[in-house]
Protein chains: 2
Amino acid sequence: MNTIPYKTYLEENEVPECWYNMRADMKKKPAPLLIPATGKPCTAEDLAPVFCEELIRQELDETTPLIKIPKPIRDFYRMFRPSPLIRAYFLEEALGTPAKIYYKFEGNNTSGSHKLNSAVAQAYYAKAQGLKGVTTETGAGQWGTALSMACAFFKLDCHVYMVKCSYEQKPFRREVMRTYGADVTPSPSMTTDVGRLINAEHPGTTGSLGCAISEAVEAAVKTPGYRYVLGSVLNQVLLHQSIIGLEARAAFKKLGVKPDVIIGCAGGGSNLGGLIAPFMGEKLRGEADYRIIAVEPASCPSFTRGVYAYDYCDTGRICPLAKMYTIGADFIPSPSHAGGLRFHGMSSTLSELYDQKLMEAVSVKQTDVFAAAQQFARTEGILPAPESSHAIRATIDEALRCKAEGREETILFGLTGTGYFDMKAYEAFNDGTMSDYEPTEEDLARSFAKLPKI
Amino acid sequence: MNTIPYKTYLEENEVPECWYNMRADMKKKPAPLLIPATGKPCTAEDLAPVFCEELIRQELDETTPLIKIPKPIRDFYRMFRPSPLIRAYFLEEALGTPAKIYYKFEGNNTSGSHKLNSAVAQAYYAKAQGLKGVTTETGAGQWGTALSMACAFFKLDCHVYMVKCSYEQKPFRREVMRTYGADVTPSPSMTTDVGRLINAEHPGTTGSLGCAISEAVEAAVKTPGYRYVLGSVLNQVLLHQSIIGLEARAAFKKLGVKPDVIIGCAGGGSNLGGLIAPFMGEKLRGEADYRIIAVEPASCPSFTRGVYAYDYCDTGRICPLAKMYTIGADFIPSPSHAGGLRFHGMSSTLSELYDQKLMEAVSVKQTDVFAAAQQFARTEGILPAPESSHAIRATIDEALRCKAEGREETILFGLTGTGYFDMKAYEAFNDGTMSDYEPTEEDLARSFAKLPKI
């Protein structure tokens, strides 16, 4: 009998009551958001037309390490949290590795991913402020689904701009959002100025995340009683997602185990930032050391091939500028099937931590990712999301390194979600028609040339 | 603070080590399977070409109450069990009912339903017997997915005959099975005698579960090293599914709670039989009393409008005859969206218990079911399977009765799975185009006229 159980759940009274704000422990803070027109840092007043008040406070707060989770949010969390910390005994056996592999599984909720952790917080604060509704964008659909669920619960209107190609390819994702009462509009649409402009400039375009962001922000600013919410990149989102890492660390403490390597997929950074938060905190405070690895698709390599610079967050260029690792706001979205990892930039906080060499990054090819996904599904039972499978690929590679070196390292990775709505991508892999794509040096140089001159 | 947690998980060492066989406590046993040609009860020898040896033993065992779960099956169970017993605080609040509602949630695994409980057992016994592979049929796809997962784990070939209309309407279900390495053939196919016959007699037919069963059985019998496995109706399946009820009862004991009413959806009976097993055992032994309610669709009402008689299990009439509540093997499958509740008959064991008035049955209309599903999704967060939503409908109705009568009853229902692959049905509901269908008296009379004369 194994002494470490397959799954470790915290008791409800062991679930963290505060989120953890990594920035409080960073000596050099992430660079501030800037107003494009003036080049000056954004103030709370600048952001007030776009975001909820309390979320702005959280966005700008660089000093408070622990922020209390309001009770209605904790109550909602009880519907799907604590999430299990799972020991991957079957995967270890299949790999024949001496490494001990754990994963924190965030897919056991209807949104199918960790996105719900921040969606419920953002919907709650919007409701508490007396707002009527929120707008957002969604690419792969996890975030839109999560926000729809949270808005249904708090009785808040929810308007989702869904990247047109996803809207058409994933009608079932759309239908889940509608079941939760959300309005879903394919983007670019004809309902916003920026949408009409993009449609005029690029007839027949199937949209992009950057474009959908512009539309959602415009709709929020122009509709009384509405604000805009975002599922990744922002500091507030990483704050809410810290619940993942806090629970994982509490479960490890219960087991008397300490991870050596922590691995997460990285698109905008919401999952990775949440998973690593308390561990990075220990590292920042000099209390412990961990290898922390961000995994990104070779098709959208902001950490591994991007530059650390101020850039636009959206195609319409109506959002503040953020300093981040970026491959350029004009970079054309690749045909990668991991829609959640297709954003051109990376969280400012994670970018600063990466720049300080407090974490590593690797990029992986799509077909290698799906081979890992298939192996994981067949051994551990869970069909992983394409995004999460990037972390699985890197974990398997690390576990095989441990095998070659005869090292018993303990690996933790974030299994952010399930792939039930991504079967088109699995079909391409099963049929052998999936392609690998990487931008050329010329592609990137062209994109970098368009970065704002700050 | 509530004293009853939202979710109760058993510890891994509290998970039951034996399945419970209800028949052992039944004074009047279920009627035996009969050989169509002779009218005589099936022996183990008769069944040997079709089923695995150990499963035949379990099928025919009417006397052993507890059957030990082999360790490899218990290890596999650890991947997705114990499943949570959830207190539906949010639904109770939304209904304003004094009733206390609990549900046992079986959807937190990739098959999306309770079907995996029996799939892993059947795959294990097939492997232990040294077989090369198994065949089966699937309608909605949950069973086929579950079996694919189990076969991938035990490295067993898996051939699934999928009802053609589902194969075409649910390409993503099919793709999940392929990801787990299964072969999936639309039924009726041209690969079996019975398939060719049905295609010739009914050109362009989109198939039925009864037809897919015939094909899968024929393929198993004709392929060396293969046997046939089935996901519902059979005694062995109810035995394996008893893990649901055993865990639920153990969790209730931990909480110091006793349910008054137990509600489950009923198609072939696998979920209902599993959920109620230990509670029915107490009832049979005179130790306790519970109201037990089977919920079936108005479109396929075997309990509420069927007859208790011997009938064919499959369209091709190559399987043994079973005594059961049935609306007739020739009954044309209705357009109900709950594919898992479309079988014409009901488990012999449950049929006998119903006939002995040890349980009740109600039928519910499809649009009422989806209204309940939507309310549940918006309050409890989980998007339920159409099948499970039948139980939700009945639970809400019982909770509202409790409200009207001012009674604080404790209700347990089985939430068998999630609806992620059923968004076409939700779309019809969201669009207001879903129809209610019930067979006429004439439809049923025509079907009853074709019952075998035994």
# chains A, B, ... in the order shown; residues from 1 in each chain; ligands from 1
$ residues_around --residues "region 245-254 of chain B" --least-positions-apart "2" --cutoff "8 Å" --atoms "only C-alpha atoms" --output "PyMOL selection string"
chain B and resi 8-10+14-16+19-20+82-83+85+104+241-243+256-258+274-279
$ write_last_selection --atoms "N, CA and C atoms" --output "compact mmCIF listing (two decimals), in the first residue's frame"
# COMPACT_ATOMS: atom_id res chain seq x y z
N THR B 8 -18.72 15.94 0.48
CA THR B 8 -18.12 14.96 1.37
C THR B 8 -17.42 13.91 0.52
N TYR B 9 -16.12 13.78 0.75
CA TYR B 9 -15.33 12.73 0.11
C TYR B 9 -14.96 11.71 1.17
N LEU B 10 -15.07 10.45 0.83
CA LEU B 10 -14.51 9.43 1.72
C LEU B 10 -12.99 9.45 1.57
N GLU B 14 -11.54 4.43 3.20
CA GLU B 14 -12.95 4.23 3.56
C GLU B 14 -13.76 3.75 2.37
N VAL B 15 -13.13 3.70 1.20
CA VAL B 15 -13.84 3.27 -0.01
C VAL B 15 -14.16 1.78 0.12
N PRO B 16 -15.40 1.42 -0.22
CA PRO B 16 -15.82 0.01 -0.07
C PRO B 16 -14.89 -0.96 -0.80
N TRP B 19 -18.37 -5.16 -3.71
CA TRP B 19 -19.64 -4.74 -4.29
C TRP B 19 -20.76 -5.46 -3.54
N TYR B 20 -21.97 -4.93 -3.63
CA TYR B 20 -23.11 -5.55 -2.96
C TYR B 20 -24.11 -6.04 -4.00
N PRO B 82 -13.03 8.04 -4.56
CA PRO B 82 -14.46 8.17 -4.31
C PRO B 82 -15.02 9.41 -5.01
N SER B 83 -16.28 9.31 -5.42
CA SER B 83 -16.94 10.47 -5.98
C SER B 83 -17.59 11.25 -4.83
N LEU B 85 -20.18 13.23 -2.40
CA LEU B 85 -21.59 13.39 -2.04
C LEU B 85 -21.76 14.88 -1.77
N LYS B 104 -25.15 12.44 -5.39
CA LYS B 104 -23.90 11.70 -5.57
C LYS B 104 -23.49 11.96 -7.01
N GLN B 241 -22.04 -1.32 -10.22
CA GLN B 241 -22.50 0.04 -9.94
C GLN B 241 -22.89 0.23 -8.48
N SER B 242 -22.99 -0.85 -7.72
CA SER B 242 -23.35 -0.70 -6.31
C SER B 242 -22.33 0.14 -5.55
N ILE B 243 -21.15 0.32 -6.15
CA ILE B 243 -20.13 1.17 -5.52
C ILE B 243 -20.69 2.59 -5.29
N GLY B 256 -23.81 11.44 9.75
CA GLY B 256 -24.92 11.21 10.68
C GLY B 256 -26.27 11.55 10.08
N VAL B 257 -26.41 11.32 8.79
CA VAL B 257 -27.63 11.67 8.07
C VAL B 257 -28.24 10.41 7.46
N LYS B 258 -29.57 10.37 7.40
CA LYS B 258 -30.25 9.25 6.75
C LYS B 258 -31.23 9.81 5.72
N GLY B 274 -27.40 0.76 -9.06
CA GLY B 274 -26.20 0.97 -8.26
C GLY B 274 -26.42 1.91 -7.11
N LEU B 275 -27.13 3.00 -7.38
CA LEU B 275 -27.36 4.01 -6.35
C LEU B 275 -28.18 3.46 -5.19
N ILE B 276 -29.21 2.69 -5.52
CA ILE B 276 -30.13 2.26 -4.46
C ILE B 276 -29.67 0.99 -3.76
N ALA B 277 -28.69 0.28 -4.35
CA ALA B 277 -28.39 -1.09 -3.90
C ALA B 277 -28.34 -1.28 -2.38
N PRO B 278 -27.44 -0.59 -1.65
CA PRO B 278 -27.36 -0.88 -0.21
C PRO B 278 -28.59 -0.42 0.56
N PHE B 279 -29.24 0.62 0.06
CA PHE B 279 -30.45 1.10 0.73
C PHE B 279 -31.58 0.09 0.52
$ interface_residues --of "chain A" --to "chain B" --cutoff "8 Å" --atoms "only C-alpha atoms" --output "NGL selection string"
:A and (5-7 or 12 or 78-79 or 108-110 or 149 or 152-153 or 172 or 175-176 or 178-180 or 374 or 377-383 or 420-421 or 423-424 or 426-427 or 430)
$ write_last_selection --atoms "N, CA and C atoms" --output "mmCIF file, in the first residue's frame"
data_model
loop_
_atom_site.group_PDB
_atom_site.id
_atom_site.type_symbol
_atom_site.label_atom_id
_atom_site.label_comp_id
_atom_site.auth_asym_id
_atom_site.auth_seq_id
_atom_site.Cartn_x
_atom_site.Cartn_y
_atom_site.Cartn_z
ATOM 1 N N PRO A 5 -1.565 9.040 -0.868
ATOM 2 C CA PRO A 5 -2.777 8.659 -1.602
ATOM 3 C C PRO A 5 -2.733 9.141 -3.052
ATOM 4 N N TYR A 6 -3.575 8.526 -3.888
ATOM 5 C CA TYR A 6 -3.664 8.972 -5.275
ATOM 6 C C TYR A 6 -4.130 10.421 -5.328
ATOM 7 N N LYS A 7 -5.136 10.712 -4.540
ATOM 8 C CA LYS A 7 -5.678 12.066 -4.567
ATOM 9 C C LYS A 7 -5.704 12.648 -3.164
ATOM 10 N N GLU A 12 -12.726 21.281 3.875
ATOM 11 C CA GLU A 12 -13.219 22.617 3.543
ATOM 12 C C GLU A 12 -12.638 23.688 4.472
ATOM 13 N N ARG A 78 -16.684 26.609 -2.954
ATOM 14 C CA ARG A 78 -17.008 25.287 -2.388
ATOM 15 C C ARG A 78 -17.694 24.377 -3.393
ATOM 16 N N MET A 79 -18.290 24.981 -4.429
ATOM 17 C CA MET A 79 -18.932 24.156 -5.453
ATOM 18 C C MET A 79 -17.918 23.314 -6.213
ATOM 19 N N ASN A 108 -12.216 19.900 -12.900
ATOM 20 C CA ASN A 108 -13.464 19.321 -12.399
ATOM 21 C C ASN A 108 -14.559 20.348 -12.153
ATOM 22 N N ASN A 109 -14.798 21.189 -13.132
ATOM 23 C CA ASN A 109 -15.951 22.090 -13.036
ATOM 24 C C ASN A 109 -16.427 22.327 -14.456
ATOM 25 N N THR A 110 -17.637 22.839 -14.594
ATOM 26 C CA THR A 110 -18.249 22.890 -15.921
ATOM 27 C C THR A 110 -17.491 23.793 -16.894
ATOM 28 N N MET A 149 -20.901 31.236 -16.060
ATOM 29 C CA MET A 149 -21.330 30.523 -14.852
ATOM 30 C C MET A 149 -21.379 31.469 -13.654
ATOM 31 N N ALA A 152 -24.263 33.962 -14.008
ATOM 32 C CA ALA A 152 -25.560 33.330 -13.741
ATOM 33 C C ALA A 152 -25.781 33.246 -12.240
ATOM 34 N N PHE A 153 -24.715 32.908 -11.514
ATOM 35 C CA PHE A 153 -24.838 32.728 -10.069
ATOM 36 C C PHE A 153 -25.135 34.046 -9.362
ATOM 37 N N PHE A 172 -20.513 24.211 -29.495
ATOM 38 C CA PHE A 172 -20.960 23.645 -28.225
ATOM 39 C C PHE A 172 -20.496 24.502 -27.049
ATOM 40 N N GLU A 175 -22.845 27.187 -26.838
ATOM 41 C CA GLU A 175 -24.127 26.761 -26.296
ATOM 42 C C GLU A 175 -24.069 26.620 -24.771
ATOM 43 N N VAL A 176 -22.921 26.218 -24.247
ATOM 44 C CA VAL A 176 -22.782 26.165 -22.781
ATOM 45 C C VAL A 176 -22.965 27.569 -22.215
ATOM 46 N N ARG A 178 -24.591 30.064 -23.500
ATOM 47 C CA ARG A 178 -26.009 30.449 -23.616
ATOM 48 C C ARG A 178 -26.852 29.762 -22.545
ATOM 49 N N THR A 179 -26.518 28.515 -22.227
ATOM 50 C CA THR A 179 -27.269 27.802 -21.197
ATOM 51 C C THR A 179 -27.162 28.525 -19.857
ATOM 52 N N TYR A 180 -26.014 29.179 -19.645
ATOM 53 C CA TYR A 180 -25.843 29.960 -18.417
ATOM 54 C C TYR A 180 -26.343 31.401 -18.591
ATOM 55 N N GLN A 374 -2.129 12.205 -25.313
ATOM 56 C CA GLN A 374 -2.678 10.868 -25.521
ATOM 57 C C GLN A 374 -2.135 9.880 -24.480
ATOM 58 N N ALA A 377 -3.804 10.613 -21.190
ATOM 59 C CA ALA A 377 -5.205 10.171 -21.164
ATOM 60 C C ALA A 377 -5.292 8.664 -20.950
ATOM 61 N N ARG A 378 -4.420 7.934 -21.635
ATOM 62 C CA ARG A 378 -4.525 6.478 -21.559
ATOM 63 C C ARG A 378 -3.996 5.911 -20.254
ATOM 64 N N THR A 379 -3.119 6.624 -19.571
ATOM 65 C CA THR A 379 -2.591 6.096 -18.311
ATOM 66 C C THR A 379 -3.291 6.693 -17.095
ATOM 67 N N GLU A 380 -3.534 8.000 -17.107
ATOM 68 C CA GLU A 380 -4.112 8.655 -15.930
ATOM 69 C C GLU A 380 -5.621 8.855 -16.048
ATOM 70 N N GLY A 381 -6.177 8.526 -17.221
ATOM 71 C CA GLY A 381 -7.631 8.547 -17.360
ATOM 72 C C GLY A 381 -8.212 9.883 -17.780
ATOM 73 N N ILE A 382 -7.593 10.967 -17.447
ATOM 74 C CA ILE A 382 -8.160 12.285 -17.735
ATOM 75 C C ILE A 382 -7.750 12.748 -19.132
ATOM 76 N N LEU A 383 -8.720 13.173 -19.926
ATOM 77 C CA LEU A 383 -8.434 13.724 -21.258
ATOM 78 C C LEU A 383 -8.083 15.204 -21.082
ATOM 79 N N TYR A 420 -12.610 18.297 -23.433
ATOM 80 C CA TYR A 420 -13.852 17.800 -24.020
ATOM 81 C C TYR A 420 -14.362 18.647 -25.177
ATOM 82 N N PHE A 421 -14.025 19.930 -25.182
ATOM 83 C CA PHE A 421 -14.504 20.796 -26.258
ATOM 84 C C PHE A 421 -13.416 21.018 -27.311
ATOM 85 N N MET A 423 -12.115 18.423 -29.293
ATOM 86 C CA MET A 423 -11.955 17.148 -29.983
ATOM 87 C C MET A 423 -11.598 17.316 -31.459
ATOM 88 N N LYS A 424 -11.850 18.484 -32.007
ATOM 89 C CA LYS A 424 -11.403 18.744 -33.386
ATOM 90 C C LYS A 424 -9.882 18.630 -33.447
ATOM 91 N N TYR A 426 -7.942 16.934 -31.313
ATOM 92 C CA TYR A 426 -7.591 15.521 -31.126
ATOM 93 C C TYR A 426 -7.841 14.739 -32.414
ATOM 94 N N GLU A 427 -8.924 15.084 -33.106
ATOM 95 C CA GLU A 427 -9.228 14.395 -34.361
ATOM 96 C C GLU A 427 -8.073 14.577 -35.349
ATOM 97 N N ASN A 430 -5.341 12.346 -34.152
ATOM 98 C CA ASN A 430 -5.671 10.937 -34.396
ATOM 99 C C ASN A 430 -5.566 10.581 -35.883
#
$ residues_around --residues "region 193-203 of chain B" --least-positions-apart "2" --cutoff "7 Å" --atoms "only C-alpha atoms" --output "PyMOL selection string"
chain B and resi 188-191+205+214-215+316
$ closest_residue --among "A:Asp25, A:Glu17, A:Glu352, A:Glu92" --to "Lys283 (chain A)" --atoms "only C-alpha atoms"
A:Asp25
$ atom_distance --atom1 "CA of Glu59 (chain B)" --atom2 "CA of Ile35 (chain B)"
15.1 Å
$ closest_residue --among "B:Pro452, B:Pro301, B:Gly306, B:Gly406" --to "Ala266 (chain B)" --atoms "only C-alpha atoms"
B:Pro301
$ select_by_dssp --residues "region 85-286 of chain B" --states "strand (DSSP E or B)" --output "PyMOL selection string"
chain B and resi 85-87+100-105+113+133-138+157-163+183-187+226-228+261-265
$ write_last_selection --atoms "C-alpha atoms" --output "compact mmCIF listing (two decimals), in the first residue's frame"
# COMPACT_ATOMS: atom_id res chain seq x y z
CA LEU B 85 -21.59 13.39 -2.04
CA ILE B 86 -22.69 16.98 -2.50
CA ARG B 87 -25.18 18.96 -0.45
CA LYS B 100 -32.31 18.78 2.38
CA ILE B 101 -31.00 17.77 -1.01
CA TYR B 102 -27.91 15.67 -1.62
CA TYR B 103 -26.51 14.28 -4.83
CA LYS B 104 -23.90 11.70 -5.57
CA PHE B 105 -21.94 13.09 -8.52
CA SER B 113 -20.66 9.30 -16.22
CA GLY B 133 -10.44 -7.77 -26.97
CA VAL B 134 -14.08 -6.93 -26.35
CA THR B 135 -16.97 -5.63 -28.41
CA THR B 136 -19.84 -3.48 -27.29
CA GLU B 137 -22.46 -1.04 -28.49
CA THR B 138 -23.00 2.54 -27.44
CA ASP B 157 -8.68 -4.20 -28.00
CA CYS B 158 -12.01 -2.43 -27.96
CA HIS B 159 -14.52 -2.45 -30.79
CA VAL B 160 -17.54 -0.20 -30.37
CA TYR B 161 -20.69 -0.33 -32.52
CA MET B 162 -22.13 3.14 -32.22
CA VAL B 163 -25.75 3.81 -33.17
CA ASP B 183 -12.30 1.18 -33.12
CA VAL B 184 -15.67 2.78 -33.64
CA THR B 185 -18.10 1.50 -36.31
CA PRO B 186 -21.44 3.13 -37.12
CA SER B 187 -24.32 0.67 -36.69
CA TYR B 226 -13.17 -11.74 -28.08
CA ARG B 227 -16.19 -11.44 -25.82
CA TYR B 228 -19.10 -9.05 -25.63
CA VAL B 261 -36.19 9.64 -0.53
CA ILE B 262 -33.74 8.24 -3.12
CA ILE B 263 -34.16 9.25 -6.75
CA GLY B 264 -32.42 8.04 -9.88
CA CYS B 265 -32.95 8.17 -13.62
$ decode --residues "region 291-330 of chain B" --atoms "C-alpha atoms" --output "PDB file, in the first residue's frame"
ATOM      1  CA  ARG B 291     -38.946   5.893  -0.706  1.00  0.00           C
ATOM      2  CA  ILE B 292     -37.141   4.925  -3.898  1.00  0.00           C
ATOM      3  CA  ILE B 293     -38.166   6.616  -7.142  1.00  0.00           C
ATOM      4  CA  ALA B 294     -37.156   5.652 -10.687  1.00  0.00           C
ATOM      5  CA  VAL B 295     -37.468   8.493 -13.197  1.00  0.00           C
ATOM      6  CA  GLU B 296     -37.868   7.735 -16.877  1.00  0.00           C
ATOM      7  CA  PRO B 297     -38.593   9.829 -19.965  1.00  0.00           C
ATOM      8  CA  ALA B 298     -42.214  10.092 -21.066  1.00  0.00           C
ATOM      9  CA  SER B 299     -40.909   9.145 -24.501  1.00  0.00           C
ATOM     10  CA  CYS B 300     -39.661   5.718 -23.385  1.00  0.00           C
ATOM     11  CA  PRO B 301     -41.763   4.730 -20.370  1.00  0.00           C
ATOM     12  CA  SER B 302     -40.949   1.072 -19.670  1.00  0.00           C
ATOM     13  CA  PHE B 303     -41.871   1.164 -15.958  1.00  0.00           C
ATOM     14  CA  THR B 304     -44.839   3.498 -16.096  1.00  0.00           C
ATOM     15  CA  ARG B 305     -46.503   2.277 -19.288  1.00  0.00           C
ATOM     16  CA  GLY B 306     -44.763  -0.994 -20.137  1.00  0.00           C
ATOM     17  CA  VAL B 307     -45.673  -4.570 -19.327  1.00  0.00           C
ATOM     18  CA  TYR B 308     -43.779  -7.061 -17.133  1.00  0.00           C
ATOM     19  CA  ALA B 309     -42.992  -9.847 -19.575  1.00  0.00           C
ATOM     20  CA  TYR B 310     -40.254 -11.806 -21.291  1.00  0.00           C
ATOM     21  CA  ASP B 311     -38.865  -9.862 -24.223  1.00  0.00           C
ATOM     22  CA  TYR B 312     -35.948  -9.742 -26.616  1.00  0.00           C
ATOM     23  CA  CYS B 313     -33.014  -7.545 -25.595  1.00  0.00           C
ATOM     24  CA  ASP B 314     -31.872  -6.820 -29.151  1.00  0.00           C
ATOM     25  CA  THR B 315     -33.329  -6.180 -32.570  1.00  0.00           C
ATOM     26  CA  GLY B 316     -31.540  -9.131 -34.149  1.00  0.00           C
ATOM     27  CA  ARG B 317     -33.031 -11.445 -31.492  1.00  0.00           C
ATOM     28  CA  ILE B 318     -29.741 -13.280 -30.979  1.00  0.00           C
ATOM     29  CA  CYS B 319     -29.520 -12.502 -27.231  1.00  0.00           C
ATOM     30  CA  PRO B 320     -31.290 -14.401 -24.440  1.00  0.00           C
ATOM     31  CA  LEU B 321     -34.812 -13.391 -23.449  1.00  0.00           C
ATOM     32  CA  ALA B 322     -35.138 -11.352 -20.263  1.00  0.00           C
ATOM     33  CA  LYS B 323     -38.203 -10.860 -18.082  1.00  0.00           C
ATOM     34  CA  MET B 324     -38.526  -7.161 -17.583  1.00  0.00           C
ATOM     35  CA  TYR B 325     -40.756  -4.144 -17.757  1.00  0.00           C
ATOM     36  CA  THR B 326     -40.697  -3.406 -21.468  1.00  0.00           C
ATOM     37  CA  ILE B 327     -42.392  -1.368 -24.130  1.00  0.00           C
ATOM     38  CA  GLY B 328     -41.353  -3.985 -26.679  1.00  0.00           C
ATOM     39  CA  ALA B 329     -38.103  -4.710 -28.508  1.00  0.00           C
ATOM     40  CA  ASP B 330     -39.632  -3.417 -31.751  1.00  0.00           C
TER      41      ASP B 330
END
